[in-house]
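Undergrad: Below are the C-alpha cells for one structure; questions will follow.
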Amino acid sequence: MRAAAVIYNPTKVDLDAVRAVVGREERAAGWSESRWIATSEDDPGQRAAGEAIAAGAAMVIAAGGDGTVRAIVEGLQHSSIPIALLPSGTGNLLARNLKLPLDDLDESIHTAFCGNDRKVDLGLIDIRREGDIISTHAFLVMAGVGLDAEMVANTDDDLKKKAGWLAYAKALSVTLRDENEFRFRYNLNDGPTRTIRAHTIIVGNCGMLPAKIVLLPDASLDDGEFEPSRVSCRFLSLKGFGYAQQISPR
C-alpha cells in the first residue's frame with residue numbers, strides 16, 4: 001500500500017485538524033498511514049524531503065507557506081515523488097497561480113489523494129557568495145535581487161501573522177524610500193553580456209500576486225520559459241529547468 005509523507009511547518013498549521021482530515025482521506029483512498037515530518041528553523045524543508053524519500057513516500061503533502069514549499073521541492077527535485085499543497089502561509093502564491101483552494105482544508109487534502117498530477121517548471125539558480133562559494137537553489141514562483149529581496153528582508157514576521165500578505169505592503173513602503181539603484185550584468189540564452197541599472201530584477205515562473213494583482217501577465221507555470229526575458233545577472237545565473245509534479249484538482 002502507498003503511504004504519503006506530510007511535511008508541515010508547525011508554526012503555520014493546526015496539526016490536530018490536519019491529522020484528522022489526512023487520516024480520513026488516506027483511509028478512503030486506500031493508502032497506508034502517512035508519515036509526519038516537521039520543519040524547523042534549521043531545516044525549512046530540504047532535509048525533511050530527504051527523510052520522506054528515504055521512507056519511500058509515494059507523495060509529499062507540503063503544509064506551509066511558499067518558503068516551506070520551495071524548500072521541500074528543492075529537496076525533492078531529483079526524485080519522482082509528486083508534491084501536493086496544503087496552503088498555510090501568508091501569500092500562498094504557488095497555490096494561487098495553480099488555482100488550488102487556499103482556505104479549504106478538506107478540499108486540499110482530498111485533492112492530494114484523489115487529484116491528478118501536473119508537471120510544472122522548476123527553476124534552478126546558482127548564487128555565488130563571498131569566497132567564490134556557489135550554492136544551488138530551486139524556485140517555483142519568483143526569484144528577485146535588489147529592492148525585491150530587500151522588501152522580503154524588511155518584512156516583519158509578527159505583522160505577517162496578524163495582517164497576512166499586507167505585511168509585505170508595509171515592507172515595500174519602507175523599502176521604496178531607498179533610492180539606490182544597482183548595476184547588473186546579465187545575458188539571455190547565452191547571448192552577449194549586457195549591463196543595466198535598476199532597482200530590482202525579478203525572474204518569474206508565475207505572475208499573479210495576492211489581491212489578484214498580475215505582475216507578469218504572460219507568465220505560465222508549465223511553458224518551459226521564464227518571464228521577463230532578463231534571466232541572469234552578475235549575482236544570479238539560471239542553470240536550467242527541472243520538473244516538479246503538482247497534484248491539481250480533477
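Scheme for the C-alpha cells: letters A, B, ... for chains in order shown; per-chain residue numbers from 1; ligand numbers from 1 in order shown.
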Which polymer residues have any atom within 8 Å of an atom of Glu74 of chain A, counting only C-alpha atoms, with same-chain residues fewer than 4 positions away left out, as a ChimeraX atom specification?
TA: /A:46,70,137-139
Undergrad: Taking C-alpha atoms for each residue, export the selection above as a PDB file, in the first residue's frame.
TA:
ATOM      1  CA  GLN A  46      15.171  20.174   2.444  1.00  0.00           C
ATOM      2  CA  ARG A  70      10.220  25.899  -2.067  1.00  0.00           C
ATOM      3  CA  HIS A 137      18.595  26.622  -5.067  1.00  0.00           C
ATOM      4  CA  ALA A 138      15.234  25.802  -6.614  1.00  0.00           C
ATOM      5  CA  PHE A 139      12.216  28.060  -7.017  1.00  0.00           C
TER       6      PHE A 139
END
Undergrad: Mind dumping a table of every segment 80-103 of chain A residue within 10 Å of segment 3-7 of chain A, with the nearest atom pair and its distance in Å to one decimal, using only C-alpha atoms, sorted by chain and rising number, as JSON lines?
TA:
{"residue": "A:Ile81", "atom": "CA", "partner": "A:Ala4", "partner_atom": "CA", "distance": 9.8}
{"residue": "A:Pro82", "atom": "CA", "partner": "A:Ala4", "partner_atom": "CA", "distance": 9.9}
{"residue": "A:Ile83", "atom": "CA", "partner": "A:Ala5", "partner_atom": "CA", "distance": 9.6}
{"residue": "A:Ala84", "atom": "CA", "partner": "A:Val6", "partner_atom": "CA", "distance": 9.4}
{"residue": "A:Leu85", "atom": "CA", "partner": "A:Val6", "partner_atom": "CA", "distance": 9.9}
{"residue": "A:Leu86", "atom": "CA", "partner": "A:Val6", "partner_atom": "CA", "distance": 9.6}
Undergrad: Hey, what's within 9 Å of Pro217 of chain A if we count only C-alpha atoms and toss same-chain stuff fewer than 4 positions away? As a ChimeraX atom specification, please?
TA: /A:206-208
Undergrad: Would you mind telling me which residue in A:Tyr8, A:Trp31, A:Phe182, A:Phe113 lies nearest to Ile72 of chain A when using only C-alpha atoms?
TA: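 Once distances to Ile72 of chain A are computed over only C-alpha atoms, the minimum belongs to A:Tyr8.
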Undergrad: May I have the residues within 12 Å of Asn205 of chain A as a VMD selection string, using only C-alpha atoms and disregarding those fewer than 3 positions away in the same chain?
TA: chain A and resid 93 to 94 97 to 98 120 to 124 138 to 144 202 208 215 to 229 231 241
Undergrad: Produce a file of the selected residues containing N, CA, C and O atoms, as a short mmCIF file (atom, residue, chain, number, x, y, z; two decimals), in the first residue's frame.
TA:
data_model
loop_
_atom_site.label_atom_id
_atom_site.label_comp_id
_atom_site.auth_asym_id
_atom_site.auth_seq_id
_atom_site.Cartn_x
_atom_site.Cartn_y
_atom_site.Cartn_z
N LEU A 93 1.46 31.96 -3.02
CA LEU A 93 1.46 32.36 -4.43
C LEU A 93 1.41 31.18 -5.37
O LEU A 93 0.76 31.24 -6.42
N LEU A 94 2.11 30.10 -5.04
CA LEU A 94 2.08 28.94 -5.93
C LEU A 94 0.67 28.38 -6.03
O LEU A 94 0.17 28.11 -7.12
N ASN A 97 -1.60 30.66 -8.13
CA ASN A 97 -1.37 30.58 -9.57
C ASN A 97 -1.78 29.24 -10.16
O ASN A 97 -2.05 29.14 -11.35
N LEU A 98 -1.83 28.21 -9.33
CA LEU A 98 -2.34 26.91 -9.77
C LEU A 98 -3.85 26.80 -9.61
O LEU A 98 -4.43 25.78 -9.96
N VAL A 120 5.08 20.96 -13.69
CA VAL A 120 5.29 22.40 -13.75
C VAL A 120 6.80 22.67 -13.81
O VAL A 120 7.62 21.82 -13.45
N ASP A 121 7.15 23.88 -14.29
CA ASP A 121 8.55 24.25 -14.41
C ASP A 121 9.17 24.46 -13.03
O ASP A 121 8.54 24.98 -12.11
N LEU A 122 10.42 24.06 -12.92
CA LEU A 122 11.18 24.26 -11.69
C LEU A 122 12.46 25.00 -12.04
O LEU A 122 13.28 24.50 -12.80
N GLY A 123 12.61 26.20 -11.50
CA GLY A 123 13.81 26.98 -11.77
C GLY A 123 14.93 26.59 -10.84
O GLY A 123 14.73 26.36 -9.65
N LEU A 124 16.14 26.50 -11.39
CA LEU A 124 17.34 26.24 -10.60
C LEU A 124 18.26 27.44 -10.73
O LEU A 124 18.53 27.92 -11.84
N ALA A 138 16.37 25.97 -5.72
CA ALA A 138 15.23 25.80 -6.61
C ALA A 138 14.16 26.83 -6.28
O ALA A 138 14.07 27.30 -5.14
N PHE A 139 13.37 27.21 -7.30
CA PHE A 139 12.22 28.06 -7.02
C PHE A 139 11.11 27.76 -8.01
O PHE A 139 11.36 27.32 -9.14
N LEU A 140 9.90 27.99 -7.58
CA LEU A 140 8.72 27.73 -8.39
C LEU A 140 7.94 29.00 -8.71
O LEU A 140 7.19 29.03 -9.69
N VAL A 141 8.08 30.02 -7.90
CA VAL A 141 7.27 31.23 -8.05
C VAL A 141 8.09 32.34 -8.70
O VAL A 141 7.98 32.61 -9.88
N MET A 142 8.96 32.98 -7.93
CA MET A 142 9.79 34.08 -8.43
C MET A 142 11.10 34.10 -7.68
O MET A 142 11.19 33.65 -6.54
N ALA A 143 12.12 34.65 -8.34
CA ALA A 143 13.39 34.93 -7.68
C ALA A 143 13.75 36.37 -8.00
O ALA A 143 13.59 36.82 -9.13
N GLY A 144 14.20 37.11 -6.99
CA GLY A 144 14.48 38.52 -7.22
C GLY A 144 15.73 38.98 -6.51
O GLY A 144 16.14 38.43 -5.48
N ILE A 202 13.41 40.71 -11.30
CA ILE A 202 12.61 39.57 -10.85
C ILE A 202 12.51 38.57 -11.98
O ILE A 202 12.18 38.92 -13.11
N MET A 208 0.91 35.97 -10.80
CA MET A 208 -0.17 36.57 -10.02
C MET A 208 0.24 36.73 -8.56
O MET A 208 0.76 35.81 -7.94
N LEU A 215 1.47 40.67 -11.91
CA LEU A 215 2.78 41.27 -12.12
C LEU A 215 3.36 40.88 -13.47
O LEU A 215 3.97 41.70 -14.16
N LEU A 216 3.18 39.63 -13.86
CA LEU A 216 3.72 39.11 -15.12
C LEU A 216 2.59 38.45 -15.90
O LEU A 216 2.33 37.26 -15.73
N PRO A 217 1.90 39.20 -16.74
CA PRO A 217 0.70 38.66 -17.38
C PRO A 217 0.96 37.49 -18.32
O PRO A 217 0.05 36.70 -18.56
N ASP A 218 2.17 37.37 -18.85
CA ASP A 218 2.46 36.28 -19.79
C ASP A 218 3.07 35.06 -19.12
O ASP A 218 3.40 34.08 -19.79
N ALA A 219 3.23 35.10 -17.81
CA ALA A 219 3.89 34.00 -17.12
C ALA A 219 3.01 32.76 -17.09
O ALA A 219 1.80 32.84 -16.93
N SER A 220 3.65 31.62 -17.26
CA SER A 220 2.95 30.34 -17.21
C SER A 220 3.83 29.35 -16.47
O SER A 220 5.05 29.30 -16.67
N LEU A 221 3.23 28.55 -15.62
CA LEU A 221 3.98 27.61 -14.78
C LEU A 221 4.50 26.40 -15.54
O LEU A 221 5.34 25.67 -15.01
N ASP A 222 4.02 26.16 -16.73
CA ASP A 222 4.40 24.92 -17.39
C ASP A 222 4.74 25.12 -18.87
O ASP A 222 4.57 24.21 -19.68
N ASP A 223 5.28 26.31 -19.23
CA ASP A 223 5.62 26.56 -20.63
C ASP A 223 7.11 26.42 -20.92
O ASP A 223 7.56 26.63 -22.04
N GLY A 224 7.91 26.06 -19.91
CA GLY A 224 9.34 25.89 -20.12
C GLY A 224 10.10 27.19 -20.29
O GLY A 224 11.25 27.19 -20.70
N GLU A 225 9.50 28.33 -19.93
CA GLU A 225 10.15 29.62 -20.08
C GLU A 225 9.96 30.45 -18.82
O GLU A 225 8.99 30.27 -18.08
N PHE A 226 10.90 31.38 -18.60
CA PHE A 226 10.78 32.33 -17.50
C PHE A 226 10.35 33.69 -18.04
O PHE A 226 10.63 34.03 -19.18
N GLU A 227 9.71 34.47 -17.21
CA GLU A 227 9.32 35.83 -17.54
C GLU A 227 9.82 36.73 -16.41
O GLU A 227 9.74 36.35 -15.25
N PRO A 228 10.32 37.95 -16.69
CA PRO A 228 10.56 38.51 -18.01
C PRO A 228 11.78 37.88 -18.67
O PRO A 228 12.27 36.87 -18.20
N SER A 229 12.29 38.55 -19.72
CA SER A 229 13.35 37.93 -20.52
C SER A 229 14.72 37.99 -19.88
O SER A 229 15.59 37.20 -20.21
N VAL A 231 17.17 36.90 -17.60
CA VAL A 231 17.16 35.73 -16.73
C VAL A 231 18.46 35.51 -15.98
O VAL A 231 18.59 34.52 -15.28
N PHE A 241 16.13 23.95 -16.24
CA PHE A 241 14.85 23.52 -15.72
C PHE A 241 14.92 22.10 -15.19
O PHE A 241 15.61 21.25 -15.72
#
Undergrad: Do you have the atom CA of Pro10 of chain A-atom CA of Ile37 of chain A distance handy?
TA: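 Those two atoms sit 9.7 Å apart.
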Undergrad: Nearest to Gly115 of chain A: which of A:Arg194, A:Arg2, A:Ser135, A:Met59 is it, counting only C-alpha atoms?
TA: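 For Gly115 of chain A, the nearest of the given residues is A:Met59.
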